[in-house]
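Everything below belongs to run24.txt, which stores compact mmCIF, C-alpha atoms.
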# COMPACT_ATOMS: atom_id res chain seq x y z
CA MET A 1 16.47 -28.69 -11.40
CA THR A 2 15.95 -31.68 -9.18
CA ARG A 3 14.97 -31.16 -5.61
CA SER A 4 17.87 -31.64 -3.32
CA ALA A 5 17.58 -34.64 -1.07
CA ALA A 6 19.49 -32.79 1.62
CA HIS A 7 17.35 -29.95 2.90
CA PRO A 8 19.09 -27.27 4.92
CA ALA A 9 18.41 -27.28 8.64
CA GLU A 10 15.45 -25.13 9.65
CA GLU A 11 17.81 -23.22 11.90
CA ASP A 12 19.92 -22.30 8.89
CA LEU A 13 16.89 -20.91 7.09
CA MET A 14 16.14 -18.97 10.25
CA ALA A 15 19.68 -17.58 10.35
CA LEU A 16 19.28 -16.48 6.75
CA ALA A 17 15.96 -14.79 7.54
CA LEU A 18 17.56 -13.05 10.51
CA GLY A 19 20.29 -11.67 8.27
CA GLU A 20 23.13 -13.53 9.92
CA ALA A 21 26.26 -12.93 7.93
CA ASP A 22 27.52 -16.37 8.79
CA ALA A 23 24.34 -18.14 7.79
CA GLY A 24 26.35 -20.98 6.33
CA PRO A 25 27.18 -20.66 2.71
CA ARG A 26 24.46 -18.20 1.87
CA ALA A 27 24.65 -18.84 -1.84
CA ALA A 28 24.01 -22.53 -1.33
CA LEU A 29 20.98 -21.81 0.83
CA GLU A 30 19.61 -19.41 -1.74
CA ALA A 31 20.16 -21.88 -4.54
CA HIS A 32 18.30 -24.47 -2.53
CA LEU A 33 15.38 -22.09 -2.02
CA ASP A 34 15.28 -21.64 -5.77
CA ALA A 35 14.71 -25.32 -6.25
CA CYS A 36 12.78 -26.47 -3.21
CA GLU A 37 9.19 -25.44 -2.65
CA PRO A 38 8.82 -26.77 0.94
CA CYS A 39 11.92 -24.94 2.13
CA ARG A 40 10.82 -21.82 0.32
CA ARG A 41 7.49 -21.96 2.11
CA GLU A 42 9.29 -22.34 5.41
CA TYR A 43 11.53 -19.40 4.63
CA ILE A 44 8.63 -17.20 3.53
CA GLY A 45 6.83 -18.10 6.76
CA LEU A 46 9.87 -16.93 8.69
CA ILE A 47 10.26 -13.60 6.92
CA GLU A 48 6.54 -12.87 7.08
CA THR A 49 6.57 -13.56 10.82
CA LEU A 50 9.63 -11.40 11.33
CA GLY A 51 8.04 -8.72 9.15
CA THR A 52 5.16 -8.63 11.60
CA MET A 53 7.65 -8.45 14.46
CA ALA A 54 8.92 -5.20 12.96
CA TYR A 55 5.70 -3.60 14.15
CA ALA A 56 6.81 -4.27 17.71
CA ALA A 57 9.57 -1.69 17.36
CA PRO A 58 8.60 1.46 19.26
CA PRO A 59 7.00 3.73 16.65
CA GLN A 60 9.22 6.62 15.68
CA ALA A 61 8.61 9.19 12.98
CA PRO A 62 11.47 9.57 10.52
CA PRO A 63 12.69 13.12 9.93
CA ALA A 64 10.49 14.81 7.35
CA ARG A 65 13.35 15.50 4.95
CA LEU A 66 14.25 11.81 4.67
CA ARG A 67 11.59 11.21 2.05
CA ALA A 68 12.95 13.90 -0.23
CA ASP A 69 16.52 12.73 0.40
CA ILE A 70 15.60 9.23 -0.71
CA LEU A 71 13.78 10.39 -3.83
CA GLU A 72 16.64 12.67 -4.78
CA ALA A 73 19.17 9.90 -4.30
CA ALA A 74 17.00 7.59 -6.37
CA ALA A 75 16.81 10.16 -9.16
CA ARG A 76 20.61 10.30 -9.23
CA GLU A 77 20.97 6.54 -9.51
CA PRO A 78 22.13 5.31 -12.88
CA ARG A 79 19.32 3.08 -13.90
CA ALA A 80 18.49 1.10 -16.99
CA GLU A 81 15.52 2.24 -19.03
CA PRO A 82 12.43 0.78 -17.48
CA ALA A 83 11.23 -2.32 -19.25
CA PRO A 84 7.81 -2.23 -20.84
CA VAL A 85 5.54 -4.25 -18.65
CA ALA A 86 4.41 -6.78 -21.21
CA THR A 87 7.75 -7.75 -22.68
CA PRO A 88 10.42 -9.99 -21.24
CA ALA A 89 12.46 -7.67 -19.14
CA ARG A 90 16.05 -6.78 -19.33
CA ARG A 91 17.74 -9.65 -17.62
CA ARG A 92 19.85 -7.95 -15.11
CA ARG A 93 22.28 -10.14 -13.28
CA ALA A 94 20.02 -11.39 -10.61
CA ALA A 95 22.15 -11.75 -7.55
CA TRP A 96 20.39 -12.04 -4.26
CA ARG A 97 20.60 -8.71 -2.62
CA GLY A 98 19.03 -9.32 0.70
CA TRP A 99 16.24 -10.93 -1.25
CA SER A 100 16.36 -10.75 -4.94
CA ALA A 101 15.52 -12.94 -7.83
CA TRP A 102 14.02 -16.32 -7.92
CA GLY A 103 12.73 -17.90 -11.04
CA PRO A 104 11.40 -16.48 -14.24
CA ARG A 105 10.15 -12.99 -14.43
CA LEU A 106 6.57 -12.36 -13.58
CA VAL A 107 5.28 -8.86 -13.81
CA VAL A 108 3.41 -9.32 -10.59
CA GLY A 109 3.08 -12.73 -9.09
CA ALA A 110 0.14 -14.97 -8.91
CA GLY A 111 -2.57 -14.55 -6.38
CA ALA A 112 -5.17 -12.09 -5.41
CA LEU A 113 -2.82 -9.17 -5.64
CA ALA A 114 -2.08 -9.71 -9.29
CA ALA A 115 -5.30 -8.42 -10.70
CA ILE A 116 -4.89 -5.01 -9.27
CA VAL A 117 -5.18 -2.18 -11.71
CA PHE A 118 -5.51 1.51 -11.41
CA ALA A 119 -8.88 1.96 -9.99
CA THR A 120 -11.92 3.41 -11.41
CA LEU A 121 -12.79 5.92 -8.79
CA VAL A 122 -15.65 6.46 -6.51
CA ILE A 123 -19.08 6.12 -7.90
CA VAL A 124 -20.81 9.14 -6.53
CA ASN A 125 -24.24 8.22 -5.45
CA GLY A 126 -26.91 10.85 -5.34
CA SER A 127 -28.88 9.41 -2.52
CA ALA A 128 -28.24 11.16 0.76
CA SER A 129 -28.35 8.03 2.87
CA THR A 130 -26.08 5.95 0.62
CA ARG A 131 -22.35 6.43 0.21
CA SER A 132 -19.98 4.64 -2.13
CA ILE A 133 -16.44 4.35 -0.79
CA ALA A 134 -13.60 3.29 -3.04
CA LEU A 135 -11.68 0.22 -1.99
CA HIS A 136 -7.96 0.45 -1.52
CA GLY A 137 -5.96 -2.42 -2.94
CA VAL A 138 -8.48 -3.66 -5.47
CA SER A 139 -10.67 -1.50 -7.60
CA GLY A 140 -14.20 -1.60 -6.37
CA THR A 141 -16.51 0.00 -3.86
CA VAL A 142 -18.13 -0.47 -0.53
CA VAL A 143 -21.66 0.91 -0.59
CA VAL A 144 -22.85 2.01 2.81
CA THR A 145 -26.54 2.50 3.47
CA GLY A 146 -27.24 3.49 7.02
CA HIS A 147 -25.57 0.85 9.15
CA THR A 148 -25.30 -1.79 6.47
CA ALA A 149 -22.69 -2.16 3.78
CA ALA A 150 -22.07 -4.19 0.65
CA LEU A 151 -18.92 -4.82 -1.35
CA GLU A 152 -18.85 -4.73 -5.11
CA SER A 153 -15.86 -5.34 -7.37
CA ALA A 154 -15.15 -7.27 -10.53
CA ASP A 155 -11.45 -7.29 -9.80
CA PHE A 156 -10.87 -9.94 -7.17
CA ALA A 157 -8.63 -12.54 -8.76
CA PRO A 158 -10.01 -16.07 -9.05
CA LEU A 159 -9.00 -18.29 -6.15
CA PRO A 160 -8.02 -21.93 -5.98
CA MET A 161 -10.75 -24.12 -4.54
CA ASN A 162 -9.06 -24.36 -1.16
CA ARG A 163 -9.16 -20.60 -0.63
CA THR A 164 -11.84 -18.02 -0.07
CA TYR A 165 -12.07 -14.29 0.34
CA GLU A 166 -13.22 -13.23 3.76
CA LEU A 167 -14.72 -9.91 4.77
CA TRP A 168 -13.84 -8.25 8.08
CA VAL A 169 -15.16 -5.30 9.97
CA ILE A 170 -12.45 -3.78 12.10
CA HIS A 171 -13.91 -1.91 15.02
CA ASN A 172 -11.78 -0.42 17.80
CA GLY A 173 -8.79 -2.51 16.76
CA ALA A 174 -10.64 -5.82 16.72
CA ALA A 175 -11.54 -7.70 13.56
CA ARG A 176 -14.93 -9.35 13.25
CA PRO A 177 -15.67 -11.87 10.47
CA ALA A 178 -18.26 -10.47 8.09
CA GLY A 179 -18.75 -13.08 5.43
CA LEU A 180 -17.08 -15.14 2.73
CA PHE A 181 -17.14 -14.75 -1.02
CA ARG A 182 -15.36 -16.02 -4.09
CA THR A 183 -16.49 -13.31 -6.44
CA ALA A 184 -17.84 -9.86 -5.71
CA ALA A 185 -19.02 -9.11 -9.23
CA SER A 186 -22.49 -8.70 -7.78
CA PRO A 187 -22.82 -7.00 -4.39
CA VAL A 188 -21.73 -9.02 -1.38
CA PRO A 189 -23.39 -7.95 1.86
CA VAL A 190 -21.02 -7.14 4.70
CA GLY A 191 -22.26 -9.11 7.68
CA GLY A 192 -23.53 -7.24 10.70
CA THR A 193 -23.50 -3.48 10.96
CA VAL A 194 -20.86 -0.88 10.25
CA ALA A 195 -20.26 2.46 11.89
CA PRO A 196 -18.19 5.51 11.00
CA GLY A 197 -14.58 4.83 11.97
CA ASP A 198 -14.82 1.14 11.14
CA THR A 199 -12.70 -0.38 8.41
CA VAL A 200 -13.98 -3.02 6.04
CA ALA A 201 -11.18 -5.30 4.88
CA VAL A 202 -10.78 -8.39 2.72
CA THR A 203 -8.23 -11.15 3.19
CA ARG A 204 -7.57 -14.47 1.52
CA GLU A 205 -8.29 -17.35 3.85
CA PRO A 206 -8.46 -21.13 3.72
CA ALA A 207 -11.77 -22.44 2.38
CA GLY A 208 -14.38 -22.19 5.10
CA GLY A 209 -12.93 -18.98 6.40
CA SER A 210 -11.01 -18.07 9.54
CA VAL A 211 -11.97 -16.67 12.91
CA GLN A 212 -9.28 -14.02 12.69
CA PRO A 213 -7.44 -12.78 9.60
CA THR A 214 -4.42 -14.91 8.78
CA THR A 215 -3.09 -12.83 5.89
CA THR A 216 -2.67 -9.15 5.26
CA PRO A 217 -5.65 -7.56 3.55
CA VAL A 218 -5.85 -7.37 -0.22
CA ALA A 219 -8.45 -4.64 -0.04
CA SER A 220 -9.83 -2.26 2.54
CA ALA A 221 -12.02 0.77 2.93
CA ALA A 222 -12.50 3.17 5.82
CA ILE A 223 -16.15 3.77 6.54
CA MET B 1 0.50 12.82 -0.98
CA ASN B 2 1.90 16.26 -1.43
CA ALA B 3 4.68 15.58 -3.90
CA THR B 4 4.58 18.04 -6.73
CA SER B 5 4.39 16.06 -9.88
CA SER B 6 4.32 18.97 -12.29
CA ASP B 7 8.09 19.02 -12.66
CA ARG B 8 8.28 15.33 -13.40
CA GLY B 9 6.87 15.70 -16.86
CA ALA B 10 5.42 12.23 -17.07
CA ALA B 11 1.75 11.54 -16.84
CA VAL B 12 1.31 9.99 -13.44
CA PRO B 13 -1.66 8.86 -11.47
CA ALA B 14 -2.73 11.34 -8.86
CA SER B 15 -2.51 8.66 -6.25
CA PHE B 16 -1.38 5.11 -5.75
CA VAL B 17 -3.78 4.30 -2.98
CA HIS B 18 -5.57 1.74 -5.10
CA LEU B 19 -2.45 -0.30 -5.73
CA SER B 20 -1.47 -3.21 -3.56
CA ASP B 21 2.04 -3.15 -2.15
CA GLU B 22 3.06 -5.70 -4.76
CA ALA B 23 1.60 -3.72 -7.64
CA LEU B 24 3.36 -0.64 -6.32
CA VAL B 25 6.69 -2.47 -6.44
CA ALA B 26 5.95 -3.42 -10.05
CA GLN B 27 5.39 0.25 -10.76
CA ILE B 28 8.68 1.11 -9.05
CA ALA B 29 10.37 -1.48 -11.27
CA ARG B 30 9.26 0.59 -14.23
CA GLY B 31 11.25 3.52 -12.90
CA ASP B 32 8.39 5.48 -11.40
CA GLU B 33 9.82 7.74 -8.72
CA LEU B 34 6.40 8.75 -7.51
CA ALA B 35 5.64 5.10 -6.87
CA LEU B 36 8.79 4.93 -4.78
CA GLY B 37 7.50 7.93 -2.85
CA ALA B 38 4.18 6.22 -2.29
CA PHE B 39 5.95 3.07 -1.12
CA TYR B 40 7.91 5.20 1.34
CA ASP B 41 4.68 6.77 2.53
CA ARG B 42 3.34 3.33 3.34
CA PHE B 43 6.38 1.84 5.00
CA GLY B 44 8.90 4.58 5.76
CA ARG B 45 7.70 4.82 9.30
CA VAL B 46 7.83 1.14 10.17
CA VAL B 47 11.19 0.77 8.42
CA TYR B 48 12.63 3.71 10.29
CA SER B 49 11.21 2.51 13.60
CA LEU B 50 12.64 -0.96 13.03
CA VAL B 51 16.13 0.13 12.03
CA LEU B 52 16.27 2.74 14.77
CA ARG B 53 15.37 0.05 17.29
CA VAL B 54 18.22 -2.07 15.93
CA VAL B 55 20.98 0.52 15.52
CA ARG B 56 19.90 2.89 18.33
CA ASN B 57 21.35 5.87 16.57
CA VAL B 58 19.37 8.42 14.59
CA GLN B 59 22.08 9.06 12.04
CA LEU B 60 22.65 5.37 11.37
CA ALA B 61 18.90 4.75 11.25
CA GLU B 62 18.45 7.40 8.58
CA GLU B 63 21.26 5.88 6.54
CA ALA B 64 19.87 2.38 6.84
CA THR B 65 16.38 3.58 5.90
CA GLN B 66 17.70 5.37 2.86
CA GLU B 67 19.76 2.36 1.82
CA ALA B 68 16.78 0.07 2.15
CA PHE B 69 14.56 2.18 -0.09
CA LEU B 70 17.34 2.67 -2.61
CA ALA B 71 17.79 -1.10 -2.67
CA VAL B 72 14.08 -1.34 -3.46
CA TRP B 73 14.56 1.18 -6.24
CA ARG B 74 17.45 -0.77 -7.72
CA THR B 75 16.08 -4.26 -7.37
CA ALA B 76 12.31 -3.84 -7.69
CA ASP B 77 12.38 -5.78 -10.95
CA GLU B 78 13.82 -8.75 -9.10
CA TYR B 79 10.99 -8.91 -6.62
CA ARG B 80 8.64 -11.86 -7.03
CA ALA B 81 5.28 -11.91 -5.35
CA SER B 82 5.50 -15.69 -5.26
CA ARG B 83 8.32 -15.34 -2.74
CA GLY B 84 6.35 -13.52 -0.10
CA SER B 85 4.76 -10.14 0.38
CA ALA B 86 6.36 -6.89 -0.72
CA ARG B 87 6.27 -5.81 2.90
CA ALA B 88 8.30 -8.83 4.03
CA TRP B 89 10.72 -8.23 1.16
CA LEU B 90 11.28 -4.61 2.17
CA LEU B 91 11.55 -5.37 5.87
CA THR B 92 14.02 -8.19 5.22
CA ILE B 93 16.20 -5.79 3.25
CA ALA B 94 15.93 -3.05 5.87
CA HIS B 95 16.57 -5.41 8.75
CA ARG B 96 19.67 -6.80 7.09
CA ARG B 97 21.02 -3.30 6.49
CA ALA B 98 20.50 -2.48 10.14
CA VAL B 99 21.99 -5.62 11.64
CA ASP B 100 24.98 -5.44 9.35
CA ARG B 101 25.69 -2.07 10.91
CA VAL B 102 25.11 -3.02 14.47
CA ARG B 103 27.15 -6.21 14.26
CA TYR B 104 30.13 -4.11 13.44
CA GLU B 105 29.79 -2.56 16.84
CA GLN B 106 28.90 -5.76 18.61
CA ARG B 107 32.09 -7.47 17.63
CA ARG B 108 33.79 -4.94 19.85
CA VAL B 109 31.41 -4.74 22.76
CA VAL B 110 29.69 -8.07 22.70
CA ALA B 111 30.30 -8.78 26.36
CA ASN B 112 28.88 -5.70 28.02
CA VAL B 113 25.77 -4.50 26.28
CA PRO B 114 22.92 -4.70 28.75
CA LEU B 115 20.07 -6.94 27.78
CA ASP B 116 17.15 -4.90 26.70
CA GLU B 117 13.92 -4.77 28.55
CA THR B 118 11.18 -6.52 26.73
CA THR B 119 9.57 -4.60 23.93
CA LEU B 120 6.22 -6.11 24.73
CA GLY B 121 5.18 -3.27 26.97
CA GLN B 122 6.19 -0.62 24.49
CA ILE B 123 4.21 -1.64 21.50
CA ARG B 124 0.71 -0.59 22.31
CA GLU B 125 1.25 2.91 21.11
CA ILE B 126 -1.19 3.79 18.40
CA ILE B 127 -0.13 5.45 15.20
CA PRO B 128 -2.99 7.70 14.26
CA SER B 129 -2.55 8.80 10.71
CA ALA B 130 -3.74 7.12 7.58
CA GLU B 131 -7.14 5.70 7.06
CA ASP B 132 -5.71 2.26 7.57
CA ALA B 133 -4.70 3.19 11.11
CA ALA B 134 -7.34 0.77 12.26
CA TRP B 135 -5.44 -1.98 10.56
CA VAL B 136 -2.13 -0.95 12.10
CA VAL B 137 -3.72 -0.98 15.52
CA PHE B 138 -5.20 -4.34 14.79
CA GLU B 139 -1.84 -5.75 13.67
CA ARG B 140 -0.19 -4.43 16.77
CA GLU B 141 -2.83 -5.86 19.08
CA ARG B 142 -2.60 -9.18 17.31
CA LEU B 143 1.15 -9.16 17.79
CA VAL B 144 0.89 -8.22 21.45
CA ARG B 145 -1.48 -11.08 22.10
CA ALA B 146 0.71 -13.52 20.20
CA LEU B 147 3.95 -12.44 21.87
CA ALA B 148 2.34 -12.69 25.27
CA GLN B 149 1.69 -16.38 24.66
CA ILE B 150 5.27 -17.24 23.85
CA PRO B 151 7.47 -18.57 26.65
CA ASP B 152 9.75 -15.83 27.97
CA ALA B 153 12.92 -17.73 27.10
CA GLU B 154 11.88 -17.99 23.47
CA ARG B 155 10.56 -14.48 23.18
CA GLU B 156 13.73 -13.05 24.65
CA LEU B 157 15.84 -14.91 22.12
CA ILE B 158 13.70 -13.75 19.21
CA GLU B 159 13.89 -10.16 20.38
CA LEU B 160 17.63 -10.26 20.97
CA ALA B 161 18.22 -11.80 17.56
CA TYR B 162 15.82 -9.60 15.63
CA PHE B 163 16.00 -6.26 17.38
CA ASP B 164 19.52 -6.35 18.72
CA GLY B 165 21.10 -8.22 15.86
CA TYR B 166 22.88 -10.84 17.92
CA THR B 167 23.95 -13.91 16.04
CA GLN B 168 23.02 -17.28 17.42
CA SER B 169 26.64 -17.83 18.43
CA GLN B 170 26.78 -14.53 20.27
CA LEU B 171 23.59 -15.36 22.12
CA ALA B 172 24.93 -18.75 23.12
CA GLU B 173 28.01 -17.07 24.50
CA ARG B 174 26.14 -14.30 26.27
CA LEU B 175 23.55 -16.52 27.83
CA GLY B 176 25.88 -19.41 28.58
CA LEU B 177 23.76 -21.87 26.63
CA PRO B 178 24.78 -24.49 24.10
CA LEU B 179 24.52 -23.16 20.56
CA GLY B 180 22.11 -25.92 19.61
CA THR B 181 19.78 -24.93 22.43
CA VAL B 182 19.77 -21.30 21.36
CA LYS B 183 19.01 -22.21 17.76
CA ARG B 184 16.27 -24.64 18.65
CA ARG B 185 14.65 -22.28 21.13
CA THR B 186 14.68 -19.33 18.78
CA PHE B 187 13.29 -21.41 15.95
CA THR B 188 10.62 -22.96 18.15
CA GLY B 189 9.61 -19.50 19.33
CA LEU B 190 9.36 -18.18 15.80
CA ARG B 191 7.32 -21.13 14.68
CA ARG B 192 5.06 -20.67 17.68
CA LEU B 193 4.68 -16.98 16.89
CA ARG B 194 3.91 -17.76 13.27
CA GLY B 195 1.26 -20.26 14.30
CA LEU B 196 -0.29 -17.79 16.72
CA LEU B 197 -0.35 -15.02 14.16
CA GLU B 198 -1.83 -17.26 11.51
CA ALA B 199 -4.37 -19.06 13.58
CA GLU B 200 -5.13 -16.63 16.36
CA ALA B 201 -8.64 -17.26 17.49
Let me see the structure of the file written as structure tokens.
Amino acid sequence: MTRSAAHPAEEDLMALALGEADAGPRAALEAHLDACEPCRREYIGLIETLGTMAYAAPPQAPPARLRADILEAAAREPRAEPAPVATPARRRRAAWRGWSAWGPRLVVGAGALAAIVFATLVIVNGSASTRSIALHGVSGTVVVTGHTAALESADFAPLPMNRTYELWVIHNGAARPAGLFRTAASPVPVGGTVAPGDTVAVTREPAGGSVQPTTTPVASAAI
Amino acid sequence: MNATSSDRGAAVPASFVHLSDEALVAQIARGDELALGAFYDRFGRVVYSLVLRVVRNVQLAEEATQEAFLAVWRTADEYRASRGSARAWLLTIAHRRAVDRVRYEQRRVVANVPLDETTLGQIREIIPSAEDAAWVVFERERLVRALAQIPDAERELIELAYFDGYTQSQLAERLGLPLGTVKRRTFTGLRRLRGLLEAEA
């Protein structure tokens, strides 16, 4: 498909992201997003920003039974047999339903998140002063010895040259940079010290690293 | 997670905590109900809080939350990580469900709903629960700082559009501004917010 010379107005992409029913001819916008990488990036930037805005809603706990209600309703849904992961999937009619399908099927998209597998669990370490804590998000461990920590995992996906993984120590709600790495196959020291209650997290950042995280973490561990 | 898995028959992992959000959606696409439960455990609260803020009615909020997660269940195999995070995907779906509901009402009462007080002061509340609570607090603080740097006129428009579901045309009418001004201001504010969130330093 050739890239359309006529890009939609940014405000129209915004209206689409905001769920405006009259966001122009929605189908045309969605078709354009299919074909146009710059507009898609703009749109993704909008929905990621708005997704963060959601956290500004006053926190309210849903009623406890809602979880069971949802799972029961899901169990009642007529649903095609799940496709085996490795084969081309059933090609359901891929209408946009609030989001929906773009492009060929990928089991999980590219990027750091793709490599994630069911984890091998905690390596229990006999030494009293050393603890191994399983990472969430990527299989691997954070080994804590006293007030120092190191990250070890063979499962961080390779990055393009203009990206790096960055370590963070989150202490009292503030994130402190704690080092960069491209592979953690051998232990990567977590910069500075860690204390109980801290969280060690890993994000993908532009090469050279960032002062504050700019993406959501791909892996984390509570110390 | 307390869900009893014994009656499900299938061999399931004891926990999904090691899966990224995106990998969890892939598991949901394979028809794994427990994965759907785990996804709800991660995001049920923020989804419910968001839709309740939009629809302002507990019953409607429960319905919208349920619809959003059922939409995830039905369309998980259409999700593409290359199109943004699973979280943004879910929240886009949930938000659309909520505003579709509230716009129904607004068509009738568009002229006399009071403008809401800013949400900025309400969002410092901490959710102490999971081990990633530190991250939630961090996200919230980051958002507070970013929102505080956005001009009031832009922030108000973003909040009215996102949390109250007003269309750009409705906002132009309500605020007595040209439609083009409303659109440009809202967009500028969102771009500013995005820049602040991405490059906060």
Taking all atoms listed in the file into account and nothing else, which residues of chain B lie no more than 7 Å away from chain A? Please answer as a ChimeraX atom specification. /B:17-20,22-23,26,29-31,33,37,45-46,48-50,53,66,70,73,75,78-84,88-89,91-93,96,119,122-123,131,134,137-138,140,162,167,183,187,194,197-201
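In this model, the gap between CA of Thr193 in chain A and CA of Ala146 in chain B comes to 27.8 Å.
Taking CA of Val51 in chain B and CA of Ala94 in chain B as endpoints, the distance between them is 6.9 Å.
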Could you work out an axis-aligned bounding box for all listed atoms of range 140-147 of chain B, with 4 Å added on each of the six sides, and give its centre and edge lengths in Å to one decimal, as lines of an AutoDock Vina configuration file?
center_x = 0.6
center_y = -9.0
center_z = 19.4
size_x = 14.8
size_y = 17.1
size_z = 13.3
